[in-house]
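Asker: I have a structure I would like to understand better, so I am pasting it below and will then ask my questions one at a time.
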Number of protein chains: 2
Amino acid sequence: MSDIRENRYELMRVALGEAAADLAIVNGSVVNVYSGEVEPASVLIKGERIAYVGSDVGKAIGSSTQIIDAKGKTLIPGFIDGHTHIDTIYSISEFLKYAMRGGATTIITETCTLAPPLGYDGVIQFLKSAKNQPIKIFITAPPLVTLSPVTEEHAITLPQLRRLLRRREVLGLGEVYWGDVVNGNQRVLDLIAETVRRGKKAEGHSAGATGAKLQAYVSSGVSSCHEPITAEEVRERVRLGLFVLIREGMVRRELEAIAPIKDDDALLHRLAIATDGIGPEQLISGGYMEFLVQKAINLGFDPVRAVQMVTVNVARHFAIDDDIGGIAPGKYADIAIIPDLKTIKAEYVISNGRVIAQNGQLLIKPRKHRYPQSMFNTIHLDRDFTADDFTIPAEGNQVKVRLIEQVTNLVTREAFIDMPVSEGQLKADVSRDIIKVAAIEKAYRTGKSFTGLIRGLGLKKGAMATTTTWDCGDIIAVGADENDMARAVNRIKELGGGMVLCADGSIAAEIALPVGGTISTEPVGTIAEKFKRIQEAAAGLGAKSPNFELTLATLPTPAIPFLRVCESGLFNLKENRFVDLIVG
Amino acid sequence: MSDIRENRYELMRVALGEAAADLAIVNGSVVNVYSGEVEPASVLIKGERIAYVGSDVGKAIGSSTQIIDAKGKTLIPGFIDGHTHIDTIYSISEFLKYAMRGGATTIITETCTLAPPLGYDGVIQFLKSAKNQPIKIFITAPPLVTLSPVTEEHAITLPQLRRLLRRREVLGLGEVYWGDVVNGNQRVLDLIAETVRRGKKAEGHSAGATGAKLQAYVSSGVSSCHEPITAEEVRERVRLGLFVLIREGMVRRELEAIAPIKDDDALLHRLAIATDGIGPEQLISGGYMEFLVQKAINLGFDPVRAVQMVTVNVARHFAIDDDIGGIAPGKYADIAIIPDLKTIKAEYVISNGRVIAQNGQLLIKPRKHRYPQSMFNTIHLDRDFTADDFTIPAEGNQVKVRLIEQVTNLVTREAFIDMPVSEGQLKADVSRDIIKVAAIEKAYRTGKSFTGLIRGLGLKKGAMATTTTWDCGDIIAVGADENDMARAVNRIKELGGGMVLCADGSIAAEIALPVGGTISTEPVGTIAEKFKRIQEAAAGLGAKSPNFELTLATLPTPAIPFLRVCESGLFNLKENRFVDLIVG
């Protein structure tokens, strides 16, 4: 969006036929997301905005007017991803190459990956990287709901939130996990109240909550949820006044399970479809927002409803509908031209009045952002690690231990087993699928770390470490072998952040994420290849999860049940407290 | 609304059954404006807000909990008037007595009557009067679209608008008449752009506009219109992305004409019903917002849709739906309890968690505001007027003059006639229904005034003057007799503002409006009686308009076509310029 003074008067002159449009898209059918109709119409654009939509365009077409003949084609508003995470993995310019070509013209992203290691400053750096791009990028401020006392200490403060909320590009507060809210975390409750008071949105996250607990959570002031996994969960949330974003992305895919709601017109205008983050392979082969819309249509959603769900509905939720979300006078000219309403494949993508992509080819390149040097120096470990750093000392011959049991690729629970003590310590036991898990604080020079045990990952040998950790600034490492764990962590230090898989003392696969310890500087294609190699290598070592890197990254999150880990130890989410590793 | 720190945690404890509610409304049916359903449910309230809506309320009902048994009754959210004018006629406390008892809990008002004589300071004074009342009052800032160069000079500036928009109780910019916008008034265009930039709403006013002109207007950034008079006009505006408020009030009543739209579900969630100002007699005998809802239902609107149109729809439009508009956890407890969905007659009205009215009786009194002395001193005329002040000098025996022709009670047009010159001047000629019309600047000590001619008012003798002038700070006087005109203006000066009807040198009827020259300090009942007496007296003198005071007040407005008057002369809205009285 332009920061220069907008000249609305020029728009009016074009509408009145007194001045020439810069761009005219003629002879197409326009999806009117306001009335739900599809009507033949031409669209006149002046500068960044739409001046006129209708049949009477002749007088405003001059010699300088670029004309796109959309005969037989359909015009829809550019897509808005209402909930995603683009502050991790990809540099913005690389990500945008894929997002833009498919018709996305607005992205609303969380900033909760850069924030744990970098705090408020990480958010500011992200905003700088998102500025002056060919499409619009808005953010939500990171509430930093975390288990980690170190991360909590560096979380966003109320004055910092106020400063962020004053910016137009900050639409509210990012996802606030319900557990911490209902447990009465006063810092987080204050952030929500402040956001609502400023007229902006506090995004919710009520995975699994129902009944009185869900209502308690909603009464905090949160305004949305992107976690429902059934039609009934959607319905319960809409009834409570929440806006619901159906997730179809990297972490989970819910569209199919939620499709029974497709004929409930009363609810549909309170729904969106969003990615909640998207993996590199999907981005390259499947597509971004266009994939979601196509899938919804294939599942039987009315195409106009599906388009509304990724355009005007999202814009209204975030109260940016005066600027975007529909093809109407005064709105930014953000438009995708598709063959027809059953084929969501953009032949033209127009953003801020400019054709940015045509038939999948970019005509305008995203701005390559130069991250400051400070962003490349975020792994603060004062020494190299050795196998000894992952020792778990224990007394006697046998102890009862609490371990993390991996139930699904994301969900964990608590398990208690007897472990033999060998040479005064506990060892991994791959025969019982028990290996070590370590969380190492690397952002704030505290030197804190913790090593525990995890069962069910499948890893038979080697180790993996990552800095793409959710909701805390730690390195997470798991391993059947302490030497490989140390090697992986030390390699991460060399890379300035990333993911490293080691076996037999050698690097088996890796990706550097040197920007803030979480963002690659490489193209999405290279990232996809490296992800694939890491996943293949992990599978080769026995890892059960096909997204082993995601399984690791989520180990410290308070968003998913229920035994979690950080630099300060094991955390039981049900009991909302740290718990001991050795219990008897 | 409370300015003190809100304790959301207490709400959550009530929802979880861990603390006692302050108020419990049990056994009723609740209209869920989010899902469109009506379901049996109880509501728990803590402090100002709703904690829980559902069947499981037992644990939160304690010895201190006030209980309302709503068995057989229906709960709906408190009404929101999305567009009205309460900065004129009534003092707020007197108006609220009537508004509150019928179930209105939020009023969003223009401030364009106080602003012309008092500028920015008038808005601030109004905000002070609206503060700490039992129900919520929001305002829109006055753009001051005016014909009057004097008023234009004292209109709100961009820095003043910015200061206002920073306040929570200022939801945007008030109605911006389309003519001035399309004519390119840069001050007004800047105000709209600034409002949109701040994420607030610029309210529109597109009476009669259609096609390219309407689109040109919409491209300025305005977000609503309350002027449609047909279903087709509603549809055209919704298609352009506008929110439409159907007017049913003092100035006009459109519900019946627009009722054909009642079954168009796709449009209904973009519609509201609003008063746009309400007269004292209607307020007393017909009711306020409850009258509008009842009428919509009587006209065949689905009752739940009708309720949505005066609650959640309005709240969403103004992006205050996190706080109000529905009965859900976390929202302000603004609730009306009615017998059933066909009988919109509040047995209880609850606002901010308190029962403020029961069966039409107030339990909580509005705060009586003490207006500062400066507000009582706004008629700045440095001398008394005489008949000579209304002389229209002319040369020769006969001249061709341009006069205002009153076509309806509100609409005027231009007419040209030959008038005889007598003793070097033009006189009223009641035989041809031609009398004098004068506009006297009284706010800024300019000493400017203008006297012209008007045809079609019906007045056979006497004169009337008023300070309730729309969109400028002038006194408007009309009269068949110059002595009566002078007497009426001088009496207005004595009263500090108001309406005065004179005949044969005596006061025939009057009302004092001493606060800002536009607000009475008397009860609504007294105001209604005085209005009635003025209207009867005017009719007795021959006035055709049953709302003669409104006909006068609207003479200087640029909102209604098309020959208008102010202290600087006659203004032709079609040509957007001042025009001469004597043309040949």
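Quick note on naming: the chains in the structure tokens go A, B, ... in the order shown, residues restart at 1 in each chain, and ligands are numbered from 1 in order of appearance.
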Got a sec to pull out which chain B residues are within 8 Å of chain A, counting only C-alpha atoms, and send them as a compact mmCIF listing (two decimals) with C-alpha atoms, in the first residue's frame?
Answerer:
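As a result, selection.txt now contains:
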# COMPACT_ATOMS: atom_id res chain seq x y z
CA GLU B 6 -11.89 -4.61 33.15
CA ARG B 8 -12.05 -10.50 32.37
CA TYR B 9 -10.76 -13.09 34.78
CA LEU B 11 -16.02 -13.35 33.88
CA MET B 12 -14.14 -16.55 33.28
CA ARG B 13 -14.55 -17.69 36.85
CA VAL B 14 -18.29 -17.20 36.56
CA ALA B 15 -18.38 -19.15 33.28
CA LEU B 16 -16.52 -21.98 34.97
CA ASN B 32 -28.60 -15.86 18.90
CA TYR B 34 -24.71 -14.89 15.23
CA SER B 35 -26.30 -18.18 14.14
CA GLY B 36 -29.84 -16.91 13.65
CA ILE B 50 -21.94 -11.45 29.96
CA ALA B 51 -19.99 -14.42 31.31
CA TYR B 52 -21.99 -17.38 30.05
CA VAL B 53 -25.00 -18.31 27.92
CA ARG B 168 -12.98 5.22 21.42
CA VAL B 182 -18.28 14.39 -6.22
CA GLY B 184 -14.22 17.48 -5.37
CA LEU B 189 -12.11 14.24 0.60
CA ALA B 193 -9.35 9.48 3.41
CA VAL B 196 -10.49 5.26 6.35
CA ARG B 197 -6.75 5.36 6.99
CA ARG B 198 -7.41 5.26 10.74
CA GLY B 199 -9.60 2.19 10.27
CA ALA B 212 -21.59 6.42 -12.34
CA LYS B 213 -22.25 9.31 -9.94
CA GLN B 215 -19.90 4.91 -7.94
CA ALA B 216 -17.80 8.08 -8.03
CA TYR B 217 -19.14 8.93 -4.60
CA VAL B 218 -18.47 5.44 -3.22
CA SER B 219 -14.91 5.52 -4.52
CA SER B 220 -14.24 8.38 -2.10
CA GLY B 221 -14.17 5.84 0.72
CA SER B 223 -18.94 3.05 3.77
CA ARG B 235 -29.67 -3.30 -3.76
CA VAL B 238 -25.13 -3.15 -1.17
CA ARG B 239 -23.66 -4.30 -4.49
CA LEU B 240 -21.17 -1.45 -4.23
CA GLY B 241 -20.07 -2.66 -0.81
CA ALA B 266 -27.96 -12.35 0.89
CA LEU B 267 -28.53 -8.63 1.44
CA ARG B 316 -20.16 -5.18 12.81
CA ALA B 319 -16.34 -2.73 14.16
CA ILE B 320 -17.57 -2.61 17.75
CA ASP B 322 -16.32 -7.45 20.06
CA ASP B 323 -18.09 -5.35 22.67
CA GLY B 326 -25.12 -10.01 20.68
CA ALA B 328 -22.51 -13.98 24.09
CA PRO B 329 -19.67 -14.33 26.58
CA GLY B 330 -17.46 -11.26 26.86
CA LYS B 331 -19.95 -8.81 25.37
Asker: So that I can check the surroundings of range 524-539 of chain B, please list as JSON, numbers by chain every protein, DNA and RNA residue that reaches within 7 Å of it, counting only C-alpha atoms and ignoring chain neighbours fewer than 6 positions away.
Answerer: {"B": [90, 94, 95, 280, 281, 501, 508, 509, 510, 511, 546, 547, 548]}
Asker: Let me see the file: selected residues, all heavy atoms, as a short mmCIF file (atom, residue, chain, number, x, y, z; two decimals), in the first residue's frame.
Answerer:
data_model
loop_
_atom_site.label_atom_id
_atom_site.label_comp_id
_atom_site.auth_asym_id
_atom_site.auth_seq_id
_atom_site.Cartn_x
_atom_site.Cartn_y
_atom_site.Cartn_z
N TYR B 90 -33.34 17.84 22.16
CA TYR B 90 -33.42 17.35 23.54
C TYR B 90 -32.07 17.45 24.24
O TYR B 90 -31.04 17.18 23.64
CB TYR B 90 -33.82 15.87 23.55
CG TYR B 90 -34.86 15.50 22.53
CD1 TYR B 90 -34.51 14.83 21.37
CD2 TYR B 90 -36.19 15.82 22.74
CE1 TYR B 90 -35.47 14.48 20.43
CE2 TYR B 90 -37.16 15.47 21.79
CZ TYR B 90 -36.79 14.80 20.64
OH TYR B 90 -37.73 14.47 19.72
N GLU B 94 -32.87 13.99 29.02
CA GLU B 94 -34.31 13.91 28.76
C GLU B 94 -34.60 12.93 27.62
O GLU B 94 -35.55 12.14 27.69
CB GLU B 94 -34.86 15.30 28.41
CG GLU B 94 -34.81 16.28 29.58
CD GLU B 94 -35.58 15.78 30.80
OE1 GLU B 94 -36.68 15.21 30.64
OE2 GLU B 94 -35.06 15.94 31.93
N PHE B 95 -33.76 12.95 26.61
CA PHE B 95 -33.95 12.01 25.50
C PHE B 95 -33.78 10.58 25.97
O PHE B 95 -34.57 9.69 25.63
CB PHE B 95 -32.95 12.32 24.38
CG PHE B 95 -33.00 11.33 23.26
CD1 PHE B 95 -34.05 11.34 22.35
CD2 PHE B 95 -32.03 10.35 23.12
CE1 PHE B 95 -34.12 10.41 21.32
CE2 PHE B 95 -32.09 9.41 22.10
CZ PHE B 95 -33.15 9.45 21.20
N PRO B 280 -40.40 14.49 19.01
CA PRO B 280 -40.85 14.30 20.40
C PRO B 280 -42.17 13.53 20.51
O PRO B 280 -42.32 12.71 21.42
CB PRO B 280 -40.97 15.73 20.94
CG PRO B 280 -41.05 16.61 19.74
CD PRO B 280 -40.30 15.91 18.66
N GLU B 281 -43.07 13.78 19.58
CA GLU B 281 -44.37 13.11 19.67
C GLU B 281 -44.21 11.60 19.43
O GLU B 281 -44.78 10.77 20.16
CB GLU B 281 -45.32 13.72 18.61
CG GLU B 281 -46.74 13.22 18.68
CD GLU B 281 -47.39 13.41 20.05
OE1 GLU B 281 -47.12 14.45 20.70
OE2 GLU B 281 -48.13 12.50 20.48
N LEU B 501 -42.66 31.86 16.44
CA LEU B 501 -43.67 32.18 15.44
C LEU B 501 -44.36 33.47 15.88
O LEU B 501 -44.83 33.56 17.01
CB LEU B 501 -44.68 31.03 15.36
CG LEU B 501 -45.55 30.95 14.11
CD1 LEU B 501 -44.73 30.41 12.94
CD2 LEU B 501 -46.73 30.03 14.37
N ALA B 508 -46.73 34.13 18.68
CA ALA B 508 -47.85 33.20 18.59
C ALA B 508 -47.51 31.85 19.22
O ALA B 508 -48.36 31.18 19.81
CB ALA B 508 -48.24 33.00 17.13
N ALA B 509 -46.25 31.46 19.11
CA ALA B 509 -45.78 30.21 19.72
C ALA B 509 -44.26 30.24 19.70
O ALA B 509 -43.65 30.90 18.85
CB ALA B 509 -46.29 29.00 18.93
N GLU B 510 -43.67 29.51 20.65
CA GLU B 510 -42.20 29.53 20.67
C GLU B 510 -41.67 28.37 21.49
O GLU B 510 -42.39 27.76 22.28
CB GLU B 510 -41.68 30.84 21.27
CG GLU B 510 -41.97 30.98 22.76
CD GLU B 510 -41.37 32.26 23.37
OE1 GLU B 510 -41.18 33.24 22.63
OE2 GLU B 510 -41.09 32.24 24.59
N ILE B 511 -40.44 28.05 21.24
CA ILE B 511 -39.71 27.14 22.12
C ILE B 511 -38.30 27.67 22.24
O ILE B 511 -37.68 28.08 21.25
CB ILE B 511 -39.74 25.69 21.59
CG1 ILE B 511 -39.01 24.76 22.58
CG2 ILE B 511 -39.11 25.57 20.21
CD1 ILE B 511 -39.22 23.28 22.29
N PRO B 546 -46.80 20.22 7.56
CA PRO B 546 -47.17 19.88 8.93
C PRO B 546 -45.97 19.95 9.88
O PRO B 546 -46.15 20.03 11.10
CB PRO B 546 -47.70 18.45 8.82
CG PRO B 546 -47.09 17.90 7.58
CD PRO B 546 -46.86 19.06 6.65
N ASN B 547 -44.76 19.90 9.31
CA ASN B 547 -43.54 20.08 10.11
C ASN B 547 -42.85 21.35 9.62
O ASN B 547 -41.75 21.31 9.10
CB ASN B 547 -42.59 18.90 9.93
CG ASN B 547 -43.25 17.59 10.26
OD1 ASN B 547 -43.69 16.86 9.38
ND2 ASN B 547 -43.36 17.31 11.55
N PHE B 548 -43.53 22.43 9.84
CA PHE B 548 -43.05 23.70 9.29
C PHE B 548 -41.65 24.04 9.81
O PHE B 548 -40.82 24.60 9.09
CB PHE B 548 -44.04 24.81 9.64
CG PHE B 548 -43.89 26.05 8.80
CD1 PHE B 548 -43.99 25.99 7.41
CD2 PHE B 548 -43.66 27.29 9.39
CE1 PHE B 548 -43.86 27.13 6.62
CE2 PHE B 548 -43.53 28.44 8.60
CZ PHE B 548 -43.63 28.35 7.22
#
Asker: Do you have the CA of Cys225 in chain A-CA of Leu573 in chain A distance handy?
Answerer: 19.8 Å
Asker: Might you pull out every residue within 8 Å of Glu39 in chain A, with only C-alpha atoms counted and same-chain residues fewer than 4 positions away left off, and present them as a PDB file with N, CA, C and O atoms, in the first residue's frame?
Answerer:
ATOM      1  N   SER A  29     -16.998 -11.505 -16.360  1.00  0.00           N
ATOM      2  CA  SER A  29     -18.049 -11.620 -15.345  1.00  0.00           C
ATOM      3  C   SER A  29     -17.407 -11.322 -13.996  1.00  0.00           C
ATOM      4  O   SER A  29     -16.319 -11.809 -13.709  1.00  0.00           O
ATOM      5  N   VAL A  30     -18.104 -10.537 -13.173  1.00  0.00           N
ATOM      6  CA  VAL A  30     -17.533 -10.142 -11.883  1.00  0.00           C
ATOM      7  C   VAL A  30     -18.312 -10.806 -10.751  1.00  0.00           C
ATOM      8  O   VAL A  30     -19.540 -10.745 -10.714  1.00  0.00           O
ATOM      9  N   VAL A  31     -17.587 -11.451  -9.855  1.00  0.00           N
ATOM     10  CA  VAL A  31     -18.214 -12.006  -8.660  1.00  0.00           C
ATOM     11  C   VAL A  31     -18.382 -10.870  -7.650  1.00  0.00           C
ATOM     12  O   VAL A  31     -17.402 -10.278  -7.203  1.00  0.00           O
ATOM     13  N   ASN A  32     -19.642 -10.566  -7.347  1.00  0.00           N
ATOM     14  CA  ASN A  32     -19.927  -9.527  -6.361  1.00  0.00           C
ATOM     15  C   ASN A  32     -20.062 -10.196  -4.992  1.00  0.00           C
ATOM     16  O   ASN A  32     -21.082 -10.801  -4.681  1.00  0.00           O
TER      17      ASN A  32
END
Asker: Leaving out Ser520 in chain A and any residue of its chain fewer than 6 positions from it, which residues lie within 7 Å of it when counting only C-alpha atoms, given as a PDB file with N, CA and C atoms, in the first residue's frame?
Answerer:
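So the final result, stored in around31.pdb, reads:
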ATOM      1  N   ILE A  89      10.799 -20.098   8.149  1.00  0.00           N
ATOM      2  CA  ILE A  89      11.208 -20.928   7.001  1.00  0.00           C
ATOM      3  C   ILE A  89      11.635 -20.075   5.790  1.00  0.00           C
ATOM      4  N   TYR A  90      10.681 -19.345   5.186  1.00  0.00           N
ATOM      5  CA  TYR A  90      10.985 -18.639   3.934  1.00  0.00           C
ATOM      6  C   TYR A  90      11.321 -17.174   4.201  1.00  0.00           C
ATOM      7  N   SER A  91      12.234 -16.628   3.426  1.00  0.00           N
ATOM      8  CA  SER A  91      12.331 -15.171   3.397  1.00  0.00           C
ATOM      9  C   SER A  91      11.091 -14.685   2.644  1.00  0.00           C
ATOM     10  N   ALA A 512      20.078 -24.620   6.615  1.00  0.00           N
ATOM     11  CA  ALA A 512      20.434 -23.436   7.401  1.00  0.00           C
ATOM     12  C   ALA A 512      19.250 -22.477   7.437  1.00  0.00           C
ATOM     13  N   LEU A 513      18.948 -21.957   8.632  1.00  0.00           N
ATOM     14  CA  LEU A 513      17.899 -20.938   8.779  1.00  0.00           C
ATOM     15  C   LEU A 513      18.534 -19.781   9.544  1.00  0.00           C
ATOM     16  N   PRO A 514      19.424 -19.071   8.886  1.00  0.00           N
ATOM     17  CA  PRO A 514      20.272 -18.129   9.612  1.00  0.00           C
ATOM     18  C   PRO A 514      19.575 -16.833  10.034  1.00  0.00           C
TER      19      PRO A 514
END
Asker: For the structure I just gave you, how does DSSP split range 295-371 of chain A - specifically, which residues are alpha helix (DSSP H)? Reply as number ranges by chain.
Answerer: A: 295-298, 303-309, 312-317
Asker: Using all heavy atoms, can you export the residues from the last selection as a compact mmCIF listing (two decimals), in the first residue's frame?
Answerer:
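Writing the result to part.txt gives the following:
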# COMPACT_ATOMS: atom_id res chain seq x y z
N LYS A 295 -10.26 -26.67 -3.50
CA LYS A 295 -10.64 -27.83 -2.71
C LYS A 295 -12.04 -27.66 -2.12
O LYS A 295 -12.85 -28.59 -2.13
CB LYS A 295 -9.61 -28.08 -1.60
CG LYS A 295 -9.93 -29.31 -0.76
CD LYS A 295 -8.73 -29.82 0.00
CE LYS A 295 -9.10 -31.04 0.84
NZ LYS A 295 -7.94 -31.54 1.61
N ALA A 296 -12.32 -26.46 -1.63
CA ALA A 296 -13.65 -26.19 -1.07
C ALA A 296 -14.72 -26.41 -2.14
O ALA A 296 -15.76 -27.04 -1.89
CB ALA A 296 -13.72 -24.77 -0.51
N ILE A 297 -14.45 -25.91 -3.33
CA ILE A 297 -15.42 -26.07 -4.43
C ILE A 297 -15.57 -27.55 -4.78
O ILE A 297 -16.68 -28.06 -4.94
CB ILE A 297 -14.98 -25.24 -5.65
CG1 ILE A 297 -15.08 -23.74 -5.32
CG2 ILE A 297 -15.82 -25.58 -6.88
CD1 ILE A 297 -14.42 -22.83 -6.33
N ASN A 298 -14.45 -28.24 -4.84
CA ASN A 298 -14.51 -29.68 -5.13
C ASN A 298 -15.30 -30.44 -4.06
O ASN A 298 -15.92 -31.45 -4.34
CB ASN A 298 -13.10 -30.27 -5.23
CG ASN A 298 -12.32 -29.69 -6.41
OD1 ASN A 298 -12.88 -28.99 -7.25
ND2 ASN A 298 -11.02 -29.96 -6.46
N PRO A 303 -19.29 -22.03 -5.17
CA PRO A 303 -18.06 -21.28 -5.50
C PRO A 303 -18.07 -19.84 -5.01
O PRO A 303 -17.04 -19.34 -4.55
CB PRO A 303 -18.03 -21.34 -7.03
CG PRO A 303 -18.79 -22.57 -7.39
CD PRO A 303 -19.88 -22.68 -6.36
N VAL A 304 -19.24 -19.17 -5.10
CA VAL A 304 -19.27 -17.78 -4.62
C VAL A 304 -19.05 -17.74 -3.11
O VAL A 304 -18.31 -16.90 -2.58
CB VAL A 304 -20.60 -17.10 -5.01
CG1 VAL A 304 -20.71 -15.72 -4.36
CG2 VAL A 304 -20.69 -16.97 -6.53
N ARG A 305 -19.66 -18.68 -2.39
CA ARG A 305 -19.43 -18.75 -0.94
C ARG A 305 -17.96 -19.00 -0.64
O ARG A 305 -17.38 -18.41 0.26
CB ARG A 305 -20.27 -19.88 -0.34
CG ARG A 305 -21.77 -19.66 -0.41
CD ARG A 305 -22.24 -18.80 0.75
NE ARG A 305 -23.65 -18.50 0.62
CZ ARG A 305 -24.16 -17.52 -0.11
NH1 ARG A 305 -23.36 -16.70 -0.77
NH2 ARG A 305 -25.46 -17.31 -0.17
N ALA A 306 -17.37 -19.90 -1.41
CA ALA A 306 -15.95 -20.22 -1.19
C ALA A 306 -15.09 -18.97 -1.40
O ALA A 306 -14.17 -18.69 -0.62
CB ALA A 306 -15.51 -21.35 -2.11
N VAL A 307 -15.41 -18.21 -2.45
CA VAL A 307 -14.65 -16.98 -2.71
C VAL A 307 -14.88 -15.98 -1.57
O VAL A 307 -13.94 -15.34 -1.09
CB VAL A 307 -15.05 -16.38 -4.08
CG1 VAL A 307 -14.48 -14.97 -4.24
CG2 VAL A 307 -14.56 -17.29 -5.20
N GLN A 308 -16.11 -15.85 -1.11
CA GLN A 308 -16.39 -14.94 0.01
C GLN A 308 -15.55 -15.32 1.23
O GLN A 308 -15.09 -14.46 1.97
CB GLN A 308 -17.88 -14.97 0.36
CG GLN A 308 -18.77 -14.28 -0.67
CD GLN A 308 -20.26 -14.48 -0.41
OE1 GLN A 308 -20.68 -15.54 0.06
NE2 GLN A 308 -21.06 -13.47 -0.73
N MET A 309 -15.38 -16.62 1.44
CA MET A 309 -14.67 -17.08 2.62
C MET A 309 -13.19 -16.70 2.63
O MET A 309 -12.56 -16.70 3.69
CB MET A 309 -14.82 -18.60 2.76
CG MET A 309 -16.22 -19.02 3.21
SD MET A 309 -16.53 -20.79 2.99
CE MET A 309 -15.60 -21.49 4.35
N VAL A 312 -14.07 -11.20 1.27
CA VAL A 312 -14.80 -10.20 2.06
C VAL A 312 -15.00 -10.64 3.51
O VAL A 312 -14.94 -9.80 4.42
CB VAL A 312 -16.16 -9.87 1.38
CG1 VAL A 312 -17.11 -11.06 1.40
CG2 VAL A 312 -16.80 -8.65 2.01
N ASN A 313 -15.22 -11.92 3.74
CA ASN A 313 -15.44 -12.35 5.12
C ASN A 313 -14.23 -12.03 6.01
O ASN A 313 -14.37 -11.53 7.13
CB ASN A 313 -15.71 -13.86 5.18
CG ASN A 313 -17.03 -14.24 4.55
OD1 ASN A 313 -17.68 -13.41 3.92
ND2 ASN A 313 -17.43 -15.50 4.68
N VAL A 314 -13.05 -12.32 5.49
CA VAL A 314 -11.84 -12.06 6.26
C VAL A 314 -11.64 -10.56 6.44
O VAL A 314 -11.30 -10.08 7.53
CB VAL A 314 -10.60 -12.66 5.55
CG1 VAL A 314 -9.39 -12.58 6.48
CG2 VAL A 314 -10.86 -14.08 5.12
N ALA A 315 -11.86 -9.81 5.36
CA ALA A 315 -11.69 -8.36 5.43
C ALA A 315 -12.63 -7.76 6.48
O ALA A 315 -12.24 -6.88 7.25
CB ALA A 315 -11.95 -7.73 4.07
N ARG A 316 -13.86 -8.24 6.53
CA ARG A 316 -14.80 -7.72 7.51
C ARG A 316 -14.38 -8.08 8.92
O ARG A 316 -14.47 -7.27 9.83
CB ARG A 316 -16.20 -8.28 7.25
CG ARG A 316 -16.86 -7.55 6.13
CD ARG A 316 -18.37 -7.74 6.12
NE ARG A 316 -18.88 -7.07 4.94
CZ ARG A 316 -19.71 -7.62 4.05
NH1 ARG A 316 -20.17 -8.85 4.24
NH2 ARG A 316 -20.11 -6.94 3.02
N HIS A 317 -13.94 -9.31 9.09
CA HIS A 317 -13.52 -9.71 10.44
C HIS A 317 -12.45 -8.77 10.97
O HIS A 317 -12.51 -8.33 12.12
CB HIS A 317 -13.00 -11.15 10.43
CG HIS A 317 -12.31 -11.52 11.72
ND1 HIS A 317 -12.97 -11.54 12.94
CD2 HIS A 317 -11.03 -11.85 11.99
CE1 HIS A 317 -12.11 -11.87 13.89
NE2 HIS A 317 -10.94 -12.05 13.35
Asker: CA of Glu169 in chain B to CA of Ala99 in chain B: how many Å, to one decimal?
Answerer: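 If I compute the distance from CA of Glu169 in chain B to CA of Ala99 in chain B, I get 18.7 Å.
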Asker: Pick the closest to Thr105 in chain B from B:Gly204, B:Gly452, B:Gly353, B:Pro339: which is it, counting only C-alpha atoms?
Answerer: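 Of B:Gly204, B:Gly452, B:Gly353, B:Pro339, the one nearest Thr105 in chain B, counting only C-alpha atoms, is B:Gly353.
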Asker: Do a neighbour search on Glu233 in chain A at 10 Å with only C-alpha atoms, toss out local chain neighbours closer than 4 positions, and write the hits as a VMD selection string.
Answerer: chain A and resid 206 to 210 227 to 229 237 to 238 244 258
Asker: Would you please give, as a PyMOL selection string, all residues of range 246-296 of chain A that DSSP assigns to strand (DSSP E or B) based on the backbone?
Answerer: chain A and resi 246-248+253+271-274
Asker: Need the shell around range 434-439 of chain B: protein/DNA/RNA residues with any atom at most 8 Å away, counting only C-alpha atoms. Skip same-chain ones fewer than 2 positions apart. Format as a PyMOL selection string?
Answerer: chain B and resi 390+427-432+441+449-457+459+474-480+565-567
Asker: Please, what distance in Å, to one decimal, runs between CA of Lys97 in chain A and CA of Ile124 in chain A?
Answerer: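 These atoms are spaced 22.5 Å apart.
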